[in-house]
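What's in structure15.cif: mmCIF, C-alpha atoms and all ligand atoms
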```
data_my_file
#
loop_
_atom_site.label_atom_id
_atom_site.label_comp_id
_atom_site.auth_asym_id
_atom_site.auth_seq_id
_atom_site.Cartn_x
_atom_site.Cartn_y
_atom_site.Cartn_z
CA MET A 1 34.30 -46.02 23.30
CA SER A 2 36.24 -47.20 20.26
CA LEU A 3 39.48 -45.31 20.77
CA THR A 4 42.43 -47.55 21.35
CA ASN A 5 43.77 -47.30 24.84
CA GLN A 6 47.07 -45.59 25.65
CA ARG A 7 46.97 -43.12 22.76
CA PRO A 8 49.35 -40.52 24.14
CA ALA A 9 47.80 -37.14 24.76
CA ALA A 10 49.93 -34.27 23.57
CA SER A 11 51.76 -32.01 25.98
CA PHE A 12 52.20 -28.26 25.68
CA PHE A 13 55.21 -26.25 24.59
CA ALA A 14 57.43 -25.28 27.49
CA ARG A 15 56.36 -21.95 28.91
CA ASP A 16 58.80 -19.16 27.98
CA ARG A 17 59.46 -17.85 31.48
CA GLY A 18 61.67 -15.06 30.14
CA TRP A 19 58.67 -13.70 28.25
CA GLN A 20 56.31 -13.98 31.21
CA PRO A 21 56.56 -11.71 34.28
CA GLU A 22 58.83 -12.67 37.14
CA ALA A 23 57.15 -13.43 40.47
CA LEU A 24 59.10 -10.75 42.33
CA THR A 25 58.44 -7.29 40.87
CA PRO A 26 59.03 -4.69 43.61
CA GLN A 27 57.38 -1.87 41.64
CA TYR A 28 54.18 -3.85 42.27
CA LYS A 29 54.57 -3.93 46.03
CA THR A 30 52.16 -6.73 46.88
CA SER A 31 54.34 -9.13 44.89
CA VAL A 32 57.17 -8.75 47.39
CA ALA A 33 55.63 -10.95 50.10
CA ARG A 34 53.64 -13.08 47.65
CA SER A 35 56.39 -14.22 45.29
CA PRO A 36 57.93 -17.65 45.82
CA SER A 37 61.62 -17.10 46.52
CA ARG A 38 62.77 -20.54 45.45
CA ALA A 39 63.02 -21.61 41.83
CA LEU A 40 60.02 -23.25 40.20
CA LEU A 41 60.76 -26.95 39.73
CA SER A 42 60.55 -27.92 36.08
CA MET A 43 58.76 -31.22 35.64
CA PRO A 44 57.50 -33.23 32.68
CA GLN A 45 53.83 -32.81 31.89
CA THR A 46 51.60 -35.74 32.70
CA LEU A 47 47.93 -36.45 32.14
CA SER A 48 47.27 -34.24 35.16
CA GLU A 49 48.52 -31.18 33.25
CA ILE A 50 47.56 -32.16 29.70
CA THR A 51 43.92 -32.79 30.50
CA GLY A 52 41.52 -30.15 31.71
CA PRO A 53 37.87 -29.49 32.34
CA VAL A 54 35.61 -28.68 29.41
CA PHE A 55 32.66 -26.37 29.80
CA GLY A 56 29.77 -26.84 27.45
CA HIS A 57 27.99 -24.04 25.64
CA ASN A 58 24.97 -25.01 27.77
CA ILE A 59 26.38 -23.22 30.83
CA ILE A 60 26.26 -19.90 28.98
CA GLY A 61 23.14 -17.79 29.44
CA PRO A 62 21.86 -15.48 26.69
CA LEU A 63 23.14 -12.31 28.41
CA ASP A 64 26.39 -13.72 29.77
CA ASN A 65 28.38 -11.86 27.12
CA ASP A 66 26.47 -8.60 27.45
CA LEU A 67 27.67 -6.57 30.43
CA ILE A 68 25.46 -3.67 29.36
CA LEU A 69 22.36 -5.71 30.11
CA ASN A 70 23.27 -8.71 32.29
CA PHE A 71 22.96 -6.85 35.58
CA ALA A 72 20.59 -4.09 34.46
CA LYS A 73 17.00 -3.67 35.53
CA PRO A 74 14.49 -4.46 32.78
CA GLY A 75 14.44 -1.62 30.30
CA GLU A 76 17.61 -0.03 31.65
CA SER A 77 21.27 -0.41 30.73
CA ALA A 78 24.77 0.28 32.05
CA ILE A 79 26.18 3.80 31.68
CA GLY A 80 29.36 4.48 29.74
CA PRO A 81 30.92 4.33 26.28
CA ARG A 82 29.37 1.30 24.60
CA ILE A 83 31.89 -1.07 23.07
CA TYR A 84 32.18 -4.53 21.60
CA VAL A 85 35.30 -6.51 22.39
CA TYR A 86 36.01 -9.32 19.97
CA GLY A 87 38.89 -11.44 18.83
CA ARG A 88 40.26 -14.95 18.79
CA VAL A 89 41.96 -17.25 21.22
CA LEU A 90 44.89 -18.83 19.39
CA ASP A 91 47.65 -21.13 20.47
CA GLU A 92 51.34 -20.53 19.83
CA THR A 93 51.14 -22.35 16.51
CA GLY A 94 48.54 -19.83 15.35
CA ARG A 95 45.60 -22.22 15.41
CA GLY A 96 42.30 -21.01 16.80
CA VAL A 97 41.41 -22.79 20.03
CA PRO A 98 37.74 -23.82 20.19
CA ASN A 99 35.64 -24.30 23.34
CA VAL A 100 37.79 -22.03 25.50
CA LEU A 101 35.84 -20.65 28.43
CA VAL A 102 36.62 -16.92 28.42
CA GLU A 103 35.61 -15.04 31.57
CA PHE A 104 35.98 -11.28 31.94
CA TRP A 105 35.48 -8.71 34.66
CA GLN A 106 35.99 -4.99 34.94
CA ALA A 107 35.28 -1.72 36.71
CA ASN A 108 32.37 0.43 35.56
CA ALA A 109 32.78 3.50 33.37
CA GLY A 110 33.81 5.56 36.41
CA GLY A 111 36.53 3.10 37.42
CA ARG A 112 34.57 1.56 40.30
CA TYR A 113 34.28 -2.20 40.89
CA ARG A 114 31.21 -3.80 42.41
CA HIS A 115 33.13 -5.44 45.26
CA ALA A 116 32.94 -5.45 49.05
CA LYS A 117 36.61 -4.50 49.40
CA GLU A 118 36.53 -1.64 46.88
CA GLY A 119 36.93 1.83 48.34
CA TYR A 120 37.19 4.23 45.40
CA ILE A 121 34.89 7.25 45.66
CA ALA A 122 33.53 6.89 42.13
CA PRO A 123 29.90 5.72 42.32
CA LEU A 124 28.51 2.31 41.52
CA ASP A 125 26.29 2.05 38.48
CA PRO A 126 23.12 0.27 39.67
CA ASN A 127 22.84 -1.34 36.24
CA PHE A 128 26.38 -2.65 35.99
CA GLY A 129 27.68 -5.84 37.61
CA GLY A 130 30.97 -6.16 35.75
CA CYS A 131 31.24 -9.85 34.90
CA GLY A 132 30.67 -11.82 31.73
CA ARG A 133 31.72 -14.98 29.94
CA CYS A 134 31.55 -16.84 26.66
CA ILE A 135 32.95 -19.92 24.95
CA THR A 136 35.06 -19.67 21.81
CA ALA A 137 33.70 -20.94 18.50
CA GLU A 138 35.42 -23.52 16.26
CA ASP A 139 37.86 -20.88 14.96
CA GLY A 140 38.64 -19.60 18.46
CA SER A 141 36.56 -16.46 18.07
CA TYR A 142 34.65 -14.76 20.86
CA GLU A 143 32.84 -11.46 21.40
CA PHE A 144 31.04 -9.54 24.08
CA ARG A 145 29.45 -6.16 24.66
CA THR A 146 30.24 -3.86 27.55
CA VAL A 147 30.98 -0.29 28.54
CA GLN A 148 34.55 0.96 28.45
CA PRO A 149 35.89 0.81 32.02
CA GLY A 150 37.41 3.87 33.64
CA PRO A 151 40.92 4.20 35.10
CA TYR A 152 41.19 4.07 38.89
CA PRO A 153 43.73 4.91 41.61
CA TRP A 154 45.09 2.14 43.83
CA PRO A 155 47.30 1.96 46.87
CA ASN A 156 50.82 1.11 45.74
CA ARG A 157 53.28 3.97 45.35
CA GLY A 158 52.19 7.53 46.18
CA ASN A 159 50.04 8.10 43.10
CA ASP A 160 49.50 4.96 41.05
CA TRP A 161 46.54 4.58 38.70
CA ARG A 162 45.50 1.60 36.65
CA PRO A 163 44.95 2.28 32.98
CA ALA A 164 41.48 1.32 31.76
CA HIS A 165 41.51 -2.47 31.51
CA ILE A 166 39.43 -5.62 31.34
CA HIS A 167 40.53 -8.76 33.18
CA PHE A 168 40.41 -12.06 31.25
CA SER A 169 40.54 -15.65 32.44
CA LEU A 170 41.04 -18.45 29.91
CA PHE A 171 40.49 -22.19 30.14
CA GLY A 172 42.22 -23.87 27.24
CA GLN A 173 42.33 -27.59 26.62
CA GLY A 174 44.62 -28.54 29.49
CA PHE A 175 45.07 -27.40 33.06
CA ALA A 176 48.65 -26.31 32.24
CA GLN A 177 47.27 -23.80 29.70
CA ARG A 178 45.35 -21.91 32.38
CA LEU A 179 45.91 -18.17 32.03
CA ILE A 180 44.72 -14.89 33.52
CA THR A 181 45.62 -11.63 31.84
CA GLN A 182 44.38 -8.09 31.21
CA MET A 183 43.41 -6.12 28.14
CA TYR A 184 44.31 -2.46 27.70
CA PHE A 185 43.02 0.13 25.25
CA GLU A 186 44.94 1.64 22.36
CA GLY A 187 46.26 5.13 23.02
CA ASP A 188 45.85 5.16 26.80
CA PRO A 189 48.79 7.13 28.25
CA MET A 190 48.28 5.43 31.63
CA ILE A 191 49.51 2.10 30.22
CA TRP A 192 53.12 3.27 30.30
CA LYS A 193 52.88 4.55 33.87
CA CYS A 194 51.39 1.40 35.42
CA PRO A 195 53.57 -0.82 37.64
CA ILE A 196 51.35 -3.83 36.95
CA VAL A 197 51.75 -3.42 33.19
CA ASP A 198 55.45 -2.88 33.86
CA VAL A 199 55.91 -6.41 35.26
CA VAL A 200 55.69 -7.68 31.66
CA PRO A 201 59.37 -7.79 30.74
CA HIS A 202 59.22 -7.07 26.99
CA ARG A 203 57.70 -4.10 25.23
CA GLU A 204 56.25 -6.45 22.57
CA GLY A 205 54.61 -8.39 25.37
CA ILE A 206 52.92 -5.24 26.63
CA GLU A 207 51.88 -4.30 23.08
CA SER A 208 50.27 -7.73 22.74
CA LEU A 209 47.92 -6.83 25.59
CA ILE A 210 46.71 -3.59 23.99
CA ALA A 211 43.51 -3.89 21.99
CA GLN A 212 43.18 -1.82 18.87
CA LEU A 213 40.14 0.26 17.97
CA ASP A 214 38.49 -1.27 14.91
CA MET A 215 36.24 1.28 13.24
CA ASP A 216 35.33 -1.25 10.53
CA SER A 217 33.59 -3.39 13.14
CA THR A 218 31.81 -0.49 14.80
CA VAL A 219 28.06 -0.81 15.00
CA PRO A 220 27.01 2.57 13.60
CA MET A 221 25.16 4.83 16.03
CA ASP A 222 25.55 2.16 18.72
CA ALA A 223 28.97 0.90 19.82
CA ARG A 224 32.63 1.03 18.82
CA ALA A 225 34.67 -2.17 18.57
CA TYR A 226 38.03 -3.22 19.97
CA LYS A 227 39.86 -6.29 18.73
CA PHE A 228 41.77 -8.36 21.24
CA ASP A 229 43.41 -11.69 20.42
CA MET A 230 44.91 -13.89 23.11
CA VAL A 231 47.44 -16.68 22.81
CA LEU A 232 47.64 -19.87 24.87
CA ARG A 233 50.54 -22.29 25.06
CA GLY A 234 50.90 -24.38 21.91
CA ARG A 235 50.26 -28.09 21.88
CA ARG A 236 52.89 -30.46 20.59
CA SER A 237 52.09 -32.71 17.67
CA THR A 238 51.49 -36.26 18.91
CA LEU A 239 53.91 -37.38 16.20
CA PHE A 240 56.85 -36.29 18.32
CA GLU A 241 55.56 -37.34 21.72
CA ASN A 242 57.55 -39.76 23.81
CA ARG A 243 56.04 -43.17 23.27
CA LEU A 244 54.58 -44.89 26.27
CA GLU A 245 56.50 -47.96 27.28
CA GLY A 246 55.30 -51.06 25.50
CA ASN A 247 53.61 -49.17 22.64
CA MET B 1 65.87 -18.95 6.92
CA GLN B 2 62.19 -19.86 7.01
CA SER B 3 59.94 -18.88 9.88
CA LEU B 4 58.31 -21.26 12.36
CA TYR B 5 55.34 -18.87 12.45
CA ARG B 6 55.03 -19.12 16.18
CA LEU B 7 53.11 -16.71 18.36
CA LYS B 8 54.07 -15.85 21.91
CA GLU B 9 51.81 -16.80 24.79
CA SER B 10 49.88 -13.80 26.07
CA PRO B 11 51.74 -12.33 29.04
CA SER B 12 50.05 -13.18 32.33
CA GLN B 13 48.77 -10.40 34.52
CA THR B 14 47.68 -10.59 38.14
CA ALA B 15 44.12 -11.68 38.87
CA GLY B 16 43.97 -8.64 41.15
CA PRO B 17 41.87 -8.18 44.28
CA TYR B 18 38.55 -8.32 42.45
CA VAL B 19 38.96 -11.67 40.70
CA HIS B 20 35.79 -12.76 42.49
CA ILE B 21 33.66 -10.55 40.26
CA GLY B 22 34.66 -12.50 37.17
CA CYS B 23 35.28 -15.98 38.52
CA VAL B 24 32.92 -16.39 41.49
CA PRO B 25 30.38 -13.57 41.10
CA ASN B 26 27.76 -15.14 43.36
CA PHE B 27 30.35 -15.46 46.13
CA SER B 28 31.24 -11.79 45.62
CA GLY B 29 27.62 -10.71 46.00
CA ILE B 30 26.81 -10.29 42.31
CA GLY B 31 23.78 -12.51 42.15
CA GLY B 32 21.44 -13.19 39.28
CA VAL B 33 23.97 -13.17 36.46
CA TYR B 34 25.10 -16.83 36.63
CA GLU B 35 23.04 -19.55 38.22
CA GLU B 36 25.97 -20.97 40.17
CA ASP B 37 29.64 -20.12 40.44
CA LEU B 38 31.76 -22.38 38.30
CA GLY B 39 33.53 -25.19 40.16
CA THR B 40 31.44 -24.89 43.33
CA THR B 41 30.08 -28.42 43.11
CA MET B 42 32.36 -31.29 42.10
CA VAL B 43 30.32 -34.27 43.28
CA ASN B 44 26.71 -35.38 43.57
CA GLU B 45 25.03 -38.22 45.45
CA LYS B 46 25.92 -40.68 42.67
CA THR B 47 29.64 -39.91 42.50
CA LYS B 48 31.78 -43.00 43.03
CA GLY B 49 34.59 -43.05 45.55
CA GLU B 50 35.57 -41.95 49.02
CA ARG B 51 34.21 -38.50 49.90
CA ILE B 52 36.89 -36.16 51.16
CA LYS B 53 37.16 -32.56 52.27
CA VAL B 54 40.28 -30.57 51.47
CA SER B 55 40.73 -27.24 53.19
CA GLY B 56 43.59 -24.82 53.48
CA THR B 57 44.86 -21.29 53.56
CA VAL B 58 47.49 -19.53 51.47
CA TYR B 59 50.05 -17.60 53.51
CA ASP B 60 52.36 -14.80 52.36
CA GLY B 61 55.98 -14.37 53.39
CA THR B 62 55.02 -12.56 56.60
CA GLY B 63 52.76 -15.43 57.68
CA THR B 64 49.59 -13.49 56.91
CA PRO B 65 46.74 -15.39 55.22
CA LEU B 66 45.82 -14.25 51.72
CA LYS B 67 42.20 -13.16 51.89
CA ASP B 68 41.87 -12.57 48.17
CA ALA B 69 43.26 -15.76 46.63
CA LEU B 70 41.40 -17.89 44.11
CA ILE B 71 42.22 -21.59 44.16
CA GLU B 72 41.45 -24.03 41.38
CA ILE B 73 41.92 -27.76 41.52
CA TRP B 74 41.86 -30.48 38.91
CA GLN B 75 41.94 -34.17 39.68
CA ALA B 76 41.13 -37.65 38.44
CA ASP B 77 38.07 -39.56 39.58
CA ALA B 78 38.20 -42.42 42.07
CA ASP B 79 39.41 -44.78 39.31
CA GLY B 80 42.19 -42.45 38.18
CA LEU B 81 40.42 -41.21 35.05
CA TYR B 82 40.12 -37.55 34.04
CA PRO B 83 36.76 -36.21 32.85
CA SER B 84 38.46 -34.67 29.81
CA PRO B 85 38.44 -35.24 26.04
CA GLU B 86 42.19 -35.82 26.29
CA GLU B 87 41.55 -38.86 28.49
CA HIS B 88 41.85 -41.83 26.15
CA ARG B 89 42.11 -44.66 28.68
CA GLY B 90 38.41 -44.88 29.42
CA THR B 91 35.45 -42.83 30.45
CA ALA B 92 35.54 -41.01 33.76
CA ASP B 93 32.68 -41.02 36.25
CA PRO B 94 29.94 -38.86 34.66
CA ASN B 95 28.91 -37.75 38.15
CA PHE B 96 32.25 -36.13 38.85
CA THR B 97 33.53 -32.87 37.38
CA GLY B 98 37.18 -33.15 38.42
CA PHE B 99 37.32 -29.36 38.61
CA GLY B 100 36.90 -27.16 41.65
CA ARG B 101 37.23 -23.42 42.16
CA LYS B 102 37.07 -21.64 45.51
CA ALA B 103 37.87 -18.18 46.78
CA GLY B 104 39.47 -17.79 50.18
CA ASP B 105 37.12 -16.50 52.86
CA TYR B 106 37.22 -12.67 53.01
CA GLN B 107 37.92 -12.76 56.78
CA THR B 108 40.10 -15.83 57.29
CA GLY B 109 41.41 -16.72 53.84
CA GLU B 110 40.34 -20.34 54.22
CA TRP B 111 38.91 -22.38 51.34
CA VAL B 112 37.32 -25.83 51.31
CA PHE B 113 36.75 -28.34 48.52
CA GLU B 114 34.34 -31.24 48.78
CA THR B 115 35.43 -33.95 46.42
CA VAL B 116 36.45 -37.61 46.22
CA LYS B 117 39.85 -39.11 46.71
CA PRO B 118 41.46 -39.46 43.27
CA GLY B 119 42.77 -42.75 41.95
CA ALA B 120 46.30 -43.18 40.66
CA VAL B 121 47.17 -41.80 37.21
CA PRO B 122 50.09 -43.02 35.09
CA PHE B 123 53.23 -41.01 34.43
CA PRO B 124 54.15 -40.86 30.71
CA ASP B 125 56.45 -43.88 31.08
CA GLY B 126 53.65 -46.01 32.49
CA ARG B 127 54.67 -45.93 36.17
CA LYS B 128 51.86 -44.98 38.50
CA MET B 129 51.84 -41.58 40.12
CA ALA B 130 50.56 -41.45 43.69
CA PRO B 131 47.04 -40.03 44.06
CA HIS B 132 47.25 -36.26 43.87
CA ILE B 133 45.29 -33.10 43.18
CA SER B 134 46.64 -30.37 40.89
CA PHE B 135 46.40 -26.82 42.26
CA TRP B 136 46.48 -23.45 40.51
CA ILE B 137 46.68 -20.35 42.68
CA VAL B 138 46.11 -16.75 41.67
CA ALA B 139 45.73 -13.58 43.74
CA ARG B 140 46.61 -9.92 43.92
CA GLY B 141 50.40 -9.72 43.90
CA ILE B 142 50.83 -13.01 42.03
CA ASN B 143 51.89 -12.14 38.49
CA ILE B 144 51.44 -15.58 37.00
CA GLY B 145 49.34 -18.46 38.36
CA LEU B 146 51.24 -20.84 40.62
CA GLN B 147 51.15 -24.56 39.88
CA THR B 148 51.51 -27.12 42.62
CA ARG B 149 50.17 -30.53 43.67
CA MET B 150 48.69 -31.96 46.82
CA TYR B 151 49.50 -35.55 47.80
CA PHE B 152 47.90 -37.67 50.52
CA PRO B 153 49.49 -38.45 53.91
CA ASP B 154 47.91 -41.91 53.97
CA GLU B 155 49.67 -42.95 50.74
CA ALA B 156 53.23 -43.09 52.08
CA GLU B 157 54.17 -46.09 49.98
CA ALA B 158 52.87 -44.64 46.72
CA ASN B 159 54.34 -41.21 47.54
CA ALA B 160 57.77 -42.77 48.07
CA LYS B 161 57.66 -44.08 44.47
CA ASP B 162 55.91 -41.13 42.85
CA PRO B 163 57.78 -40.10 39.67
CA ILE B 164 57.35 -36.37 40.41
CA LEU B 165 58.05 -36.43 44.15
CA THR B 166 61.15 -38.56 43.67
CA LYS B 167 62.47 -36.12 41.05
CA ILE B 168 62.60 -33.30 43.58
CA GLU B 169 66.23 -32.59 44.36
CA HIS B 170 65.65 -31.20 47.84
CA GLN B 171 63.75 -34.09 49.39
CA ASN B 172 63.34 -32.09 52.60
CA ARG B 173 60.84 -29.95 50.67
CA VAL B 174 58.58 -32.88 49.71
CA PRO B 175 56.50 -32.60 52.92
CA THR B 176 55.26 -29.19 51.69
CA LEU B 177 53.27 -31.13 49.05
CA ILE B 178 51.68 -33.61 51.43
CA ALA B 179 48.40 -32.69 53.09
CA LYS B 180 47.79 -33.25 56.79
CA LYS B 181 45.03 -35.53 57.91
CA GLU B 182 42.56 -33.75 60.16
CA GLY B 183 40.04 -36.53 60.66
CA ASP B 184 38.08 -39.04 58.68
CA GLY B 185 38.29 -37.95 55.07
CA ALA B 186 39.38 -34.44 56.07
CA TYR B 187 42.67 -33.06 54.85
CA ARG B 188 44.43 -29.73 55.29
CA PHE B 189 46.73 -28.37 52.64
CA ASP B 190 48.14 -24.99 53.62
CA ILE B 191 50.20 -23.23 51.00
CA TYR B 192 53.19 -21.06 51.90
CA LEU B 193 54.33 -18.60 49.24
CA GLN B 194 57.65 -17.91 50.99
CA GLY B 195 59.65 -18.79 54.07
CA GLU B 196 61.11 -21.87 55.64
CA ASN B 197 58.13 -24.01 54.60
CA GLU B 198 57.72 -22.49 51.15
CA THR B 199 55.53 -24.85 49.13
CA VAL B 200 57.14 -26.44 46.12
CA PHE B 201 55.80 -24.78 42.98
CA PHE B 202 56.22 -26.41 39.61
CA ASP B 203 56.83 -25.30 36.07
CA PHE B 204 55.00 -27.95 34.08
FE FE A 301 41.35 -4.24 37.68
#
```

Go ahead and render the structure in this file as structure tokens.
Amino acid sequence: MSLTNQRPAASFFARDRGWQPEALTPQYKTSVARSPSRALLSMPQTLSEITGPVFGHNIIGPLDNDLILNFAKPGESAIGPRIYVYGRVLDETGRGVPNVLVEFWQANAGGRYRHAKEGYIAPLDPNFGGCGRCITAEDGSYEFRTVQPGPYPWPNRGNDWRPAHIHFSLFGQGFAQRLITQMYFEGDPMIWKCPIVDVVPHREGIESLIAQLDMDSTVPMDARAYKFDMVLRGRRSTLFENRLEGN
Amino acid sequence: MQSLYRLKESPSQTAGPYVHIGCVPNFSGIGGVYEEDLGTTMVNEKTKGERIKVSGTVYDGTGTPLKDALIEIWQADADGLYPSPEEHRGTADPNFTGFGRKAGDYQTGEWVFETVKPGAVPFPDGRKMAPHISFWIVARGINIGLQTRMYFPDEAEANAKDPILTKIEHQNRVPTLIAKKEGDGAYRFDIYLQGENETVFFDF
């Protein structure tokens, strides 16, 4: 390895905690007993936070980003409105982030998850598992094919329903960039009634989680497309990093 | 005034109760899509260093174990090097992933990692940090992933000088970050989301 030793790795921008949800959000009842009550301790980032695992494209199977087929019996496919979801993973400086492992999971078109603890009466689709993953390209782009998930009721207040949504998990370039979020669909009236959406403190923050229908990217006679970009914490320029002692 | 052209980080949303489907599908019973769940295996027979087992449970404010938490860990190899492109001090052990991911057991909430004891890693000013493992915890009811660290009970001297541990104002909370030794190479690191023993969570 020819790199000089001690080249400082760059840390991430401080997380804007006023933009992110608080831990304690009583409208989402489960948060009440699961929210730390003491303040988070702010600490400088070290190599332990700035570094992170990297997953090669070799872990990705050919159907990993196709939820219509990846659990289906040969010759069959998942039931529901066929859609592509595509977009880019950017950082706060607007740069595309390559090699991000993007994992996604969702209910089927009837709003039912394939999970041992799921009790909703909507039926399972024998051809739908509900998980997928991909790795972003050089420009941060990703795409996958699925069926549009259905809304579902959940035990919270008397009559709470989740809007249709897809869960996303992102591995950026450092462990401190780790993020899990959810994507919603343009025009869904349930978005504005959901206590989990409501934990996001700013309306613009909520809007940033709503994917827009993109008719230009539709595959005619096959599947509509939704565009969904996600943003990870920005990385500082090494130019302004604190120098290590003795360098 | 000009613009900095900054974007805002995507707002976090809870991993929810079904995080297993997306992150550990084989564990959740969805077989045949991925060969193996990510982060299941951190070591192989060639990995250098002392083999250790780290187990624990996450507890809510009522003292009830979380049975739907997902725990991820990230750590240096036995020589204190990270298997990451941002590691410029040398090359980490190629037989060590540094990354682990486990779901709590559906009945008990317990999770177990089989790994090696990490070496010491420098703080930005060059001082050594005590050996530690970074944790990231998500679950239903947790709106944004919780960051913490586990330190080792058999490293009292290094812990006493650790640049992060010594920065903690309330030193009586430091023990919440130190695992308990359960036997040879076996450590327990229980995490308390609230209460008298609330684990220290960081904002890095
Ligand atoms: Fe969900």

Would you mind listing, for every residue of chain A within 9 Å of ligand FE 301 (chain A), the two atoms forming the shortest contact and the distance between them in Å to one decimal, using only C-alpha atoms and all ligand atoms, sorted by chain and ascending residue number, as JSON lines?
```
{"residue": "A:Trp105", "atom": "CA", "partner": "A:FE301", "partner_atom": "FE", "distance": 8.0}
{"residue": "A:Gln106", "atom": "CA", "partner": "A:FE301", "partner_atom": "FE", "distance": 6.1}
{"residue": "A:Ala107", "atom": "CA", "partner": "A:FE301", "partner_atom": "FE", "distance": 6.6}
{"residue": "A:Gly111", "atom": "CA", "partner": "A:FE301", "partner_atom": "FE", "distance": 8.8}
{"residue": "A:Tyr113", "atom": "CA", "partner": "A:FE301", "partner_atom": "FE", "distance": 8.0}
{"residue": "A:Pro151", "atom": "CA", "partner": "A:FE301", "partner_atom": "FE", "distance": 8.8}
{"residue": "A:Tyr152", "atom": "CA", "partner": "A:FE301", "partner_atom": "FE", "distance": 8.4}
{"residue": "A:Arg162", "atom": "CA", "partner": "A:FE301", "partner_atom": "FE", "distance": 7.2}
{"residue": "A:Pro163", "atom": "CA", "partner": "A:FE301", "partner_atom": "FE", "distance": 8.8}
{"residue": "A:Ala164", "atom": "CA", "partner": "A:FE301", "partner_atom": "FE", "distance": 8.1}
{"residue": "A:His165", "atom": "CA", "partner": "A:FE301", "partner_atom": "FE", "distance": 6.4}
{"residue": "A:Ile166", "atom": "CA", "partner": "A:FE301", "partner_atom": "FE", "distance": 6.8}
{"residue": "A:His167", "atom": "CA", "partner": "A:FE301", "partner_atom": "FE", "distance": 6.4}
{"residue": "A:Gln182", "atom": "CA", "partner": "A:FE301", "partner_atom": "FE", "distance": 8.1}
```

Polymer residues at most 7 Å from Asn143 (chain B), all atoms listed in the file, same-chain spacing of 2 or more positions, as a PDB file with C-alpha atoms, keeping the file's coordinate frame:
```pdb
ATOM      1  CA  PRO A  21      56.560 -11.710  34.280  1.00  0.00           C
ATOM      2  CA  ALA A  23      57.150 -13.430  40.470  1.00  0.00           C
TER       3      ALA A  23
ATOM      4  CA  SER B  12      50.050 -13.180  32.330  1.00  0.00           C
ATOM      5  CA  GLN B  13      48.770 -10.400  34.520  1.00  0.00           C
ATOM      6  CA  THR B  14      47.680 -10.590  38.140  1.00  0.00           C
ATOM      7  CA  GLY B 141      50.400  -9.720  43.900  1.00  0.00           C
ATOM      8  CA  GLY B 145      49.340 -18.460  38.360  1.00  0.00           C
TER       9      GLY B 145
END
```

Practice task
Just the residues within 9 Å of His20 (chain B), please, counting all atoms listed in the file, with nothing from its chain fewer than 3 positions along; format it as JSON, numbers by chain.
Solution key: {"A": [105, 115], "B": [17, 23, 24, 25, 26, 27, 28, 68, 70, 103]}

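Straight-line separation from CA of Phe175 (chain A) to CA of Glu9 (chain B): 15.0 Å.
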
Practice task
Please identify all polymer residues within 6 Å of region 179-194 of chain B, counting only C-alpha atoms, omitting same-chain residues fewer than 2 positions from it, and present them as a ChimeraX atom specification.
Solution key: /A:34,36 /B:52-61,152-153,198-199

Can you report as AutoDock Vina command-line options the centre and edge lengths in Å, to one decimal, of an axis-aligned box around the listed atoms of region 15-30 of chain A padded with 5 Å on each side?
```
--center_x 56.9 --center_y -11.9 --center_z 37.4 --size_x 19.5 --size_y 30.1 --size_z 28.9
```

Exercise for the section: Find the residues in chain A near chain B: any atom within 7 Å counts, using only C-alpha atoms. Write them as a PyMOL selection string. Expected result: chain A and resi 3+5-7+9+20-21+23+30-31+33-37+40-46+48+51-54+70-71+92-94+103-105+115+129-132+176+179-182+200+205+208+230-233+244-245

Who sits within 7 Å of Ala72 (chain A), all atoms listed in the file, same chain under 5 positions skipped, as a PDB file with C-alpha atoms, in the coordinates of the input:
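What landed in result-v2.pdb:
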```
ATOM      1  CA  SER A  77      21.270  -0.410  30.730  1.00  0.00           C
ATOM      2  CA  ALA A  78      24.770   0.280  32.050  1.00  0.00           C
ATOM      3  CA  ASN A 127      22.840  -1.340  36.240  1.00  0.00           C
ATOM      4  CA  PHE A 128      26.380  -2.650  35.990  1.00  0.00           C
TER       5      PHE A 128
END
```

Completion exercise
Separating CA of Arg51 (chain B) from CA of Phe96 (chain B), to the nearest tenth of an Å, is a gap of 11.5 Å
